[in-house]
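The data block below is protein_15.pdb; it holds PDB, C-alpha atoms and all ligand atoms.
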```pdb
MODEL        1
ATOM      1  CA  MET A   1       0.000   0.000   0.000
ATOM      2  CA  LYS A   2       2.687   2.419   1.034
ATOM      3  CA  THR A   3       4.759   1.498  -1.975
ATOM      4  CA  LYS A   4       1.696   1.979  -4.144
ATOM      5  CA  ILE A   5       1.120   5.469  -2.782
ATOM      6  CA  LEU A   6       4.750   6.378  -3.285
ATOM      7  CA  ALA A   7       4.768   5.031  -6.816
ATOM      8  CA  SER A   8       1.564   6.887  -7.637
ATOM      9  CA  LEU A   9       2.833  10.116  -6.226
ATOM     10  CA  ALA A  10       6.134   9.721  -7.979
ATOM     11  CA  SER A  11       4.244   9.300 -11.221
ATOM     12  CA  ILE A  12       2.385  12.538 -10.539
ATOM     13  CA  ILE A  13       5.601  14.331  -9.741
ATOM     14  CA  PHE A  14       7.619  12.988 -12.623
ATOM     15  CA  THR A  15       5.025  12.809 -15.398
ATOM     16  CA  GLY A  16       6.903  15.569 -17.143
ATOM     17  CA  TYR A  17      10.050  13.561 -17.589
ATOM     18  CA  VAL A  18       8.624  10.388 -19.079
ATOM     19  CA  SER A  19       6.554  11.159 -22.121
ATOM     20  CA  ILE A  20       4.701   7.929 -22.797
ATOM     21  CA  ALA A  21       5.916   5.096 -20.620
ATOM     22  CA  ALA A  22       4.212   1.735 -20.991
ATOM     23  CA  SER A  23       2.946   2.058 -17.433
ATOM     24  CA  ALA A  24       1.697   5.654 -17.771
ATOM     25  CA  PRO A  25      -1.455   6.073 -15.714
ATOM     26  CA  PRO A  26      -4.611   6.902 -17.713
ATOM     27  CA  HIS A  27      -5.388  10.551 -18.399
ATOM     28  CA  TRP A  28      -7.932  12.291 -16.143
ATOM     29  CA  SER A  29      -9.479  15.730 -15.966
ATOM     30  CA  TYR A  30     -11.475  17.751 -13.447
ATOM     31  CA  ASP A  31     -14.516  17.522 -15.757
ATOM     32  CA  GLU A  32     -14.442  13.777 -15.152
ATOM     33  CA  GLU A  33     -14.367  14.092 -11.359
ATOM     34  CA  PRO A  34     -17.659  12.199 -10.794
ATOM     35  CA  ILE A  35     -16.252   9.169 -12.653
ATOM     36  CA  TRP A  36     -12.577   9.207 -11.636
ATOM     37  CA  GLY A  37     -13.094   5.866  -9.876
ATOM     38  CA  ALA A  38     -14.403   4.292 -13.079
ATOM     39  CA  ILE A  39     -11.634   5.456 -15.433
ATOM     40  CA  GLU A  40     -10.243   2.324 -17.069
ATOM     41  CA  ASP A  41      -6.759   1.294 -18.016
ATOM     42  CA  ALA A  42      -7.764  -1.215 -20.675
ATOM     43  CA  ALA A  43      -4.183  -2.443 -21.027
ATOM     44  CA  LEU A  44      -4.259  -3.939 -17.530
ATOM     45  CA  PRO A  45      -5.865  -7.174 -16.294
ATOM     46  CA  VAL A  46      -9.118  -6.923 -14.356
ATOM     47  CA  PRO A  47      -7.873  -6.479 -10.778
ATOM     48  CA  LEU A  48      -5.796  -3.501 -11.906
ATOM     49  CA  ARG A  49      -8.125  -2.145 -14.559
ATOM     50  CA  TYR A  50      -9.525   0.703 -12.441
ATOM     51  CA  PRO A  51      -6.377   2.377 -11.090
ATOM     52  CA  TYR A  52      -8.375   5.263  -9.572
ATOM     53  CA  ALA A  53     -11.028   3.074  -7.894
ATOM     54  CA  GLU A  54     -10.219   4.562  -4.493
ATOM     55  CA  CYS A  55     -11.581   7.935  -5.715
ATOM     56  CA  GLY A  56     -14.988   6.268  -5.949
ATOM     57  CA  ILE A  57     -15.060   3.775  -3.096
ATOM     58  CA  GLY A  58     -12.685   5.259  -0.508
ATOM     59  CA  GLN A  59     -14.218   6.159   2.842
ATOM     60  CA  HIS A  60     -11.544   8.612   3.992
ATOM     61  CA  GLN A  61     -11.305  10.932   1.028
ATOM     62  CA  SER A  62     -10.102  14.526   0.777
ATOM     63  CA  PRO A  63     -10.895  17.366   0.705
ATOM     64  CA  VAL A  64     -13.748  17.850   3.207
ATOM     65  CA  ASP A  65     -15.942  20.629   4.516
ATOM     66  CA  LEU A  66     -14.163  21.510   7.750
ATOM     67  CA  ALA A  67     -17.446  22.732   9.259
ATOM     68  CA  ASP A  68     -19.045  19.280   8.890
ATOM     69  CA  ALA A  69     -17.268  17.829  11.915
ATOM     70  CA  LYS A  70     -17.127  18.700  15.537
ATOM     71  CA  ILE A  71     -13.609  19.976  16.078
ATOM     72  CA  VAL A  72     -12.010  18.295  19.074
ATOM     73  CA  SER A  73      -9.277  20.246  20.813
ATOM     74  CA  ALA A  74      -8.994  18.295  24.068
ATOM     75  CA  LYS A  75      -6.561  15.611  22.912
ATOM     76  CA  PRO A  76      -2.843  16.317  23.167
ATOM     77  CA  LEU A  77      -1.489  16.562  19.639
ATOM     78  CA  ASN A  78       1.945  16.438  18.055
ATOM     79  CA  LYS A  79       3.824  19.669  17.808
ATOM     80  CA  LEU A  80       4.001  20.738  14.154
ATOM     81  CA  SER A  81       7.045  22.585  12.920
ATOM     82  CA  ALA A  82       7.708  23.663   9.319
ATOM     83  CA  GLN A  83      11.462  23.473   8.844
ATOM     84  CA  TYR A  84      11.884  24.710   5.288
ATOM     85  CA  LYS A  85      15.102  26.172   3.925
ATOM     86  CA  THR A  86      16.204  28.086   0.841
ATOM     87  CA  ASP A  87      16.398  25.809  -2.205
ATOM     88  CA  THR A  88      16.891  25.983  -5.978
ATOM     89  CA  PRO A  89      13.794  24.001  -6.953
ATOM     90  CA  THR A  90      12.209  22.856 -10.206
ATOM     91  CA  PHE A  91       9.142  24.772 -11.412
ATOM     92  CA  PHE A  92       6.859  22.160 -12.901
ATOM     93  CA  ASN A  93       3.639  22.521 -14.889
ATOM     94  CA  THR A  94       1.979  19.171 -14.108
ATOM     95  CA  GLY A  95      -0.945  19.433 -16.496
ATOM     96  CA  HIS A  96      -3.277  19.785 -13.505
ATOM     97  CA  ALA A  97      -1.594  22.429 -11.333
ATOM     98  CA  ILE A  98       1.412  24.689 -11.004
ATOM     99  CA  GLN A  99       3.943  22.938  -8.796
ATOM    100  CA  VAL A 100       7.364  23.496  -7.261
ATOM    101  CA  ASN A 101       9.497  20.367  -6.731
ATOM    102  CA  THR A 102      12.257  20.608  -4.152
ATOM    103  CA  SER A 103      15.767  19.700  -5.272
ATOM    104  CA  LYS A 104      17.257  16.282  -4.575
ATOM    105  CA  ASN A 105      19.436  17.595  -1.778
ATOM    106  CA  PHE A 106      16.734  19.620  -0.055
ATOM    107  CA  ALA A 107      16.920  18.854   3.654
ATOM    108  CA  GLY A 108      13.835  20.677   4.922
ATOM    109  CA  GLY A 109      10.522  19.248   5.876
ATOM    110  CA  LEU A 110       7.617  19.133   8.260
ATOM    111  CA  LYS A 111       8.430  17.949  11.757
ATOM    112  CA  VAL A 112       5.472  16.121  13.266
ATOM    113  CA  GLY A 113       6.310  15.359  16.865
ATOM    114  CA  LYS A 114       9.821  13.929  16.599
ATOM    115  CA  GLU A 115       9.672  12.845  12.972
ATOM    116  CA  LEU A 116      10.802  15.019  10.058
ATOM    117  CA  LEU A 117       8.916  14.313   6.813
ATOM    118  CA  PRO A 118      10.849  15.753   3.832
ATOM    119  CA  LEU A 119       9.103  18.355   1.667
ATOM    120  CA  ILE A 120       8.853  16.921  -1.858
ATOM    121  CA  GLN A 121       6.699  19.492  -3.661
ATOM    122  CA  LEU A 122       4.132  22.221  -3.226
ATOM    123  CA  HIS A 123       1.281  23.134  -5.585
ATOM    124  CA  PHE A 124      -1.850  25.253  -5.873
ATOM    125  CA  HIS A 125      -5.571  24.766  -6.432
ATOM    126  CA  GLU A 126      -8.136  27.348  -7.596
ATOM    127  CA  PRO A 127     -10.556  27.710  -5.823
ATOM    128  CA  SER A 128      -9.751  26.092  -2.469
ATOM    129  CA  GLU A 129     -10.381  22.373  -1.997
ATOM    130  CA  HIS A 130     -11.126  22.485   1.730
ATOM    131  CA  VAL A 131     -14.222  24.520   2.420
ATOM    132  CA  PHE A 132     -15.827  25.856   5.576
ATOM    133  CA  GLY A 133     -19.624  25.600   5.747
ATOM    134  CA  GLY A 134     -19.711  25.405   1.951
ATOM    135  CA  LYS A 135     -17.590  28.543   1.613
ATOM    136  CA  LYS A 136     -14.671  28.204  -0.759
ATOM    137  CA  PHE A 137     -11.589  30.364  -0.490
ATOM    138  CA  PRO A 138     -10.079  31.813  -3.697
ATOM    139  CA  ALA A 139      -7.218  29.290  -3.712
ATOM    140  CA  GLU A 140      -5.298  26.741  -1.622
ATOM    141  CA  LEU A 141      -1.652  25.793  -1.246
ATOM    142  CA  HIS A 142      -0.542  22.238  -0.470
ATOM    143  CA  PHE A 143       2.913  21.386   0.870
ATOM    144  CA  VAL A 144       3.408  17.640   0.222
ATOM    145  CA  HIS A 145       5.779  15.672   2.488
ATOM    146  CA  ILE A 146       6.716  12.014   2.124
ATOM    147  CA  ASN A 147       8.897  10.060   4.512
ATOM    148  CA  LYS A 148      11.168   7.128   3.684
ATOM    149  CA  ASP A 149       8.483   4.489   4.225
ATOM    150  CA  GLY A 150       6.030   6.304   1.945
ATOM    151  CA  ARG A 151       3.833   7.991   4.530
ATOM    152  CA  ILE A 152       2.405  11.295   3.311
ATOM    153  CA  ALA A 153       1.574  14.437   5.275
ATOM    154  CA  VAL A 154       0.112  17.459   3.509
ATOM    155  CA  LEU A 155       0.125  20.929   5.010
ATOM    156  CA  GLY A 156      -2.759  22.963   3.577
ATOM    157  CA  VAL A 157      -2.973  26.747   3.614
ATOM    158  CA  VAL A 158      -6.015  28.605   2.293
ATOM    159  CA  ILE A 159      -5.427  31.708   0.188
ATOM    160  CA  ASN A 160      -7.389  34.952   0.324
ATOM    161  CA  ILE A 161      -7.213  37.971  -1.955
ATOM    162  CA  GLY A 162      -5.264  40.868  -0.486
ATOM    163  CA  LYS A 163      -1.703  42.060  -0.520
ATOM    164  CA  GLU A 164       0.533  40.921  -3.368
ATOM    165  CA  ASN A 165       2.728  37.935  -2.501
ATOM    166  CA  ALA A 166       6.315  38.277  -3.755
ATOM    167  CA  VAL A 167       7.201  34.599  -3.237
ATOM    168  CA  PHE A 168       4.123  33.477  -5.140
ATOM    169  CA  GLN A 169       5.159  35.856  -7.947
ATOM    170  CA  THR A 170       8.517  34.062  -8.137
ATOM    171  CA  ILE A 171       6.585  30.846  -8.817
ATOM    172  CA  LEU A 172       4.374  32.459 -11.475
ATOM    173  CA  ASP A 173       7.368  34.081 -13.193
ATOM    174  CA  ASN A 174       9.332  30.836 -13.423
ATOM    175  CA  MET A 175       6.517  28.432 -14.272
ATOM    176  CA  PRO A 176       6.668  26.876 -17.753
ATOM    177  CA  ARG A 177       3.576  27.599 -19.851
ATOM    178  CA  HIS A 178       3.034  24.129 -21.229
ATOM    179  CA  GLU A 179       1.729  20.973 -19.612
ATOM    180  CA  GLY A 180       4.460  18.556 -18.582
ATOM    181  CA  GLU A 181       7.253  21.103 -18.852
ATOM    182  CA  ALA A 182       9.767  21.624 -16.077
ATOM    183  CA  ASN A 183      12.008  24.617 -15.484
ATOM    184  CA  SER A 184      15.041  22.722 -14.232
ATOM    185  CA  PRO A 185      17.625  23.537 -13.130
ATOM    186  CA  SER A 186      15.982  26.845 -12.371
ATOM    187  CA  ARG A 187      18.851  28.320 -10.342
ATOM    188  CA  VAL A 188      16.179  30.424  -8.652
ATOM    189  CA  ARG A 189      16.610  30.770  -4.906
ATOM    190  CA  PHE A 190      13.314  30.006  -3.240
ATOM    191  CA  ASN A 191      12.392  29.443   0.396
ATOM    192  CA  PRO A 192       9.065  27.603   0.895
ATOM    193  CA  ALA A 193       8.906  28.971   4.467
ATOM    194  CA  LYS A 194       8.181  32.376   2.987
ATOM    195  CA  LEU A 195       4.828  31.047   1.773
ATOM    196  CA  LEU A 196       3.647  30.446   5.346
ATOM    197  CA  PRO A 197       1.198  32.976   6.812
ATOM    198  CA  SER A 198       2.919  35.996   8.308
ATOM    199  CA  GLY A 199       2.865  36.140  12.062
ATOM    200  CA  VAL A 200       2.655  32.365  12.619
ATOM    201  CA  ASN A 201       5.283  30.576  14.639
ATOM    202  CA  ALA A 202       6.676  28.104  12.069
ATOM    203  CA  ALA A 203       8.202  26.101  14.940
ATOM    204  CA  ASN A 204       4.817  25.546  16.563
ATOM    205  CA  LEU A 205       1.988  25.841  14.057
ATOM    206  CA  LYS A 206      -1.715  25.996  14.942
ATOM    207  CA  TYR A 207      -3.656  23.518  12.858
ATOM    208  CA  LEU A 208      -6.649  21.299  12.237
ATOM    209  CA  THR A 209      -5.809  17.693  11.398
ATOM    210  CA  LEU A 210      -7.620  14.712   9.954
ATOM    211  CA  ALA A 211      -6.945  11.511   8.037
ATOM    212  CA  GLY A 212      -7.626  11.767   4.322
ATOM    213  CA  SER A 213      -6.347  11.106   0.830
ATOM    214  CA  LEU A 214      -4.653  12.605  -2.182
ATOM    215  CA  THR A 215      -7.225  14.946  -3.785
ATOM    216  CA  THR A 216      -6.272  13.896  -7.324
ATOM    217  CA  PRO A 217      -6.321  10.414  -8.892
ATOM    218  CA  PRO A 218      -5.396   7.850  -7.641
ATOM    219  CA  CYS A 219      -6.931   9.458  -4.478
ATOM    220  CA  SER A 220      -4.800   7.153  -2.296
ATOM    221  CA  GLU A 221      -5.747   7.185   1.376
ATOM    222  CA  GLY A 222      -3.390   7.165   4.340
ATOM    223  CA  VAL A 223      -2.582  10.846   3.947
ATOM    224  CA  GLN A 224      -2.484  12.910   7.157
ATOM    225  CA  TRP A 225      -3.760  16.438   6.584
ATOM    226  CA  TYR A 226      -2.744  19.492   8.576
ATOM    227  CA  ILE A 227      -4.720  22.632   7.720
ATOM    228  CA  LEU A 228      -3.400  25.910   9.079
ATOM    229  CA  THR A 229      -5.890  28.137  10.836
ATOM    230  CA  LYS A 230      -4.407  31.276   9.253
ATOM    231  CA  SER A 231      -4.527  32.157   5.567
ATOM    232  CA  ILE A 232      -2.054  33.812   3.224
ATOM    233  CA  THR A 233      -2.853  36.417   0.587
ATOM    234  CA  ILE A 234      -2.119  36.932  -3.074
ATOM    235  CA  SER A 235      -3.377  39.901  -5.087
ATOM    236  CA  ALA A 236      -6.407  39.772  -7.394
ATOM    237  CA  ASP A 237      -4.015  40.155 -10.320
ATOM    238  CA  GLN A 238      -1.917  37.206  -9.106
ATOM    239  CA  LEU A 239      -5.053  35.065  -8.864
ATOM    240  CA  GLU A 240      -5.782  35.927 -12.513
ATOM    241  CA  GLN A 241      -2.201  35.003 -13.461
ATOM    242  CA  MET A 242      -2.608  31.678 -11.650
ATOM    243  CA  LYS A 243      -5.928  31.051 -13.423
ATOM    244  CA  SER A 244      -4.200  31.608 -16.750
ATOM    245  CA  PHE A 245      -2.333  28.350 -15.966
ATOM    246  CA  TYR A 246      -5.145  26.385 -14.281
ATOM    247  CA  HIS A 247      -8.569  27.210 -12.913
ATOM    248  CA  ASP A 248     -11.282  25.069 -11.339
ATOM    249  CA  ASN A 249      -8.608  22.512 -10.439
ATOM    250  CA  ALA A 250     -10.216  21.697  -7.110
ATOM    251  CA  ARG A 251     -11.961  18.497  -6.101
ATOM    252  CA  SER A 252     -15.310  18.934  -4.357
ATOM    253  CA  ALA A 253     -15.738  18.218  -0.624
ATOM    254  CA  GLN A 254     -16.029  14.529   0.214
ATOM    255  CA  SER A 255     -18.064  12.833   2.929
ATOM    256  CA  LEU A 256     -16.405  12.795   6.351
ATOM    257  CA  ASN A 257     -17.808   9.334   7.207
ATOM    258  CA  GLU A 258     -17.454   9.680  10.977
ATOM    259  CA  ARG A 259     -13.958  11.112  10.866
ATOM    260  CA  SER A 260     -13.181  13.612  13.545
ATOM    261  CA  ILE A 261     -11.095  16.724  13.089
ATOM    262  CA  LEU A 262      -8.599  17.518  15.827
ATOM    263  CA  SER A 263      -7.188  20.912  16.654
ATOM    264  CA  ASN A 264      -4.321  22.236  18.766
ATOM    265  CA  GLN A 265      -5.831  25.710  18.957
TER     266      GLN A 265
HETATM  267 ZN    ZN B 301      -3.316  19.487  -3.721
ENDMDL
END
```
When written as structure tokens, how does the structure in this file appear?
Amino acid sequence: MKTKILASLASIIFTGYVSIAASAPPHWSYDEEPIWGAIEDAALPVPLRYPYAECGIGQHQSPVDLADAKIVSAKPLNKLSAQYKTDTPTFFNTGHAIQVNTSKNFAGGLKVGKELLPLIQLHFHEPSEHVFGGKKFPAELHFVHINKDGRIAVLGVVINIGKENAVFQTILDNMPRHEGEANSPSRVRFNPAKLLPSGVNAANLKYLTLAGSLTTPPCSEGVQWYILTKSITISADQLEQMKSFYHDNARSAQSLNERSILSNQ
């Protein structure tokens, strides 16, 4: 399972480098969201023929409406610390989102309790995927971390319209225009920590957390989500620039199915 998640995620991350491999996962689009689980890979035998089945039958899917659950703050939770450093990343147009892949030697990550999960990539959705009482935010940022045994933790930050964001502009300015293209080596100095909300203590973040999944096919579960309780801003013009790459690249809220949401607020 863990290997499967890692392999799937790797395929998402590296699609740009392998044009048409024999094992390329089937194409999907946001228009097809209601039938992601039924998309077939006709080249594969029956047990493997529906590689995105989890999107349709999974019971712990993401995103969710954060107002649908009672938020429990009584339980002691792991301390969450974003330990990101300056990097020279790859700017990657995935075909579904604009994404920044950290370099091979990047040592930063998300420390959950005592464990540091390396930051692999970050990407953006428009509008937000997580919603609150049905309310969508203009956009959402996901920092994706994967540890050695394949466990995934995603740090989500909702984005409001407001002051221009210089770090976000660096991403827009260096992003290749065409699907599957990567700007690598970019030689652009970029610190993911500068995308965190201003005024938060990166060494002890306030968050909501729940168990969920990847929000794009194959929708693999076993992903731990951490959603910050503070937002960041980009300007209205920057949102338009982002939409000129991708818009409406957000999965709709999925059923909570008895999951609880915990908070360290
Ligand atoms: Zn995402």
* Structure fact -> If you count only C-alpha atoms and all ligand atoms, the residue of A:Arg251, A:His60, A:Arg49, A:Lys243 closest to ligand ZN 301 (chain B) turns out to be A:Arg251
* Asked: Quick one: which residues end up in the PyMOL selection byres (((chain A and resi 88-91) around 9) and not hetatm) for this structure, as a VMD selection string?
  -> chain A and resid 86 to 87 92 to 93 98 to 104 106 171 174 to 176 181 to 191
Residues of chain A within 7 Å of ligand ZN 301 (chain B): nearest atom pair and distance (Å, one decimal) for each, counting all atoms listed in the file, sorted by chain and number, as a tab-separated table?
```
residue	atom	partner	partner_atom	distance
A:His123	CA	B:ZN301	ZN	6.2
A:Phe124	CA	B:ZN301	ZN	6.3
A:His125	CA	B:ZN301	ZN	6.3
A:Leu141	CA	B:ZN301	ZN	7.0
A:His142	CA	B:ZN301	ZN	5.1
A:Thr215	CA	B:ZN301	ZN	6.0
```
* For the file shown, what are the residues hit by the PyMOL selection byres (((chain A and resi 252) around 7) and not hetatm), laid out as a ChimeraX atom specification? -> /A:63,129,250-251,253-254
* **Selection result of the PyMOL selection byres (((chain A and resi 59) around 12) and not hetatm) on this file, as a PyMOL selection string** => chain A and resi 53-58+60-64+211-213+219-222+254-259
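Taking only C-alpha atoms into account, the residues near (-2.2, 17.7, 18.1), no farther than 9 Å, are A:Ser73, A:Lys75, A:Pro76, A:Leu77, A:Asn78, A:Lys79, A:Leu80, A:Gly113, A:Lys206, A:Tyr207, A:Leu208, A:Thr209, A:Leu262, A:Ser263, A:Asn264, A:Gln265.
Minimum distance to Gly162 (chain A) across A:Pro217, A:Leu110, A:Ala202, A:Ile234 (counting all atoms listed in the file) occurs at A:Ile234.
Take CA of Leu205 (chain A) and CA of His130 (chain A): the distance between them is 18.3 Å.
If all atoms listed in the file are the atoms counted, then among A:Ser244, A:Tyr226, A:Lys70, A:Pro51 the closest residue to Ala24 (chain A) is A:Pro51.
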* Structure fact -> Using only C-alpha atoms, the best pick from A:Ile146, A:His96, A:Val158, A:Leu228 as closest to Val131 (chain A) would be A:Val158
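Taking CA of Tyr84 (chain A) and CA of Lys194 (chain A) as endpoints, the distance between them is 8.8 Å.
Near Phe137 (chain A), within a cut-off of 10 Å and counting all atoms listed in the file, sit the residues A:Glu126, A:Pro127, A:Ser128, A:Glu129, A:His130, A:Val131, A:Phe132, A:Gly134, A:Lys135, A:Ala139, A:Glu140, A:Val158, A:Ile159, A:Asn160, A:Ile161, A:Ser231, with same-chain residues fewer than 2 positions away left out.
CA of Arg151 (chain A) sits 13.2 Å away from CA of Gly109 (chain A).
Comparing A:Asp68, A:Lys163, A:Tyr30, A:Thr233 by their smallest distance to Asn249 (chain A), the closest is A:Tyr30 (using only C-alpha atoms).
With all atoms listed in the file as the atoms that count, the minimum distance from Ala97 (chain A) to the choices A:Ile261, A:Ala153, A:Leu172, A:Leu116 is reached by A:Leu172.
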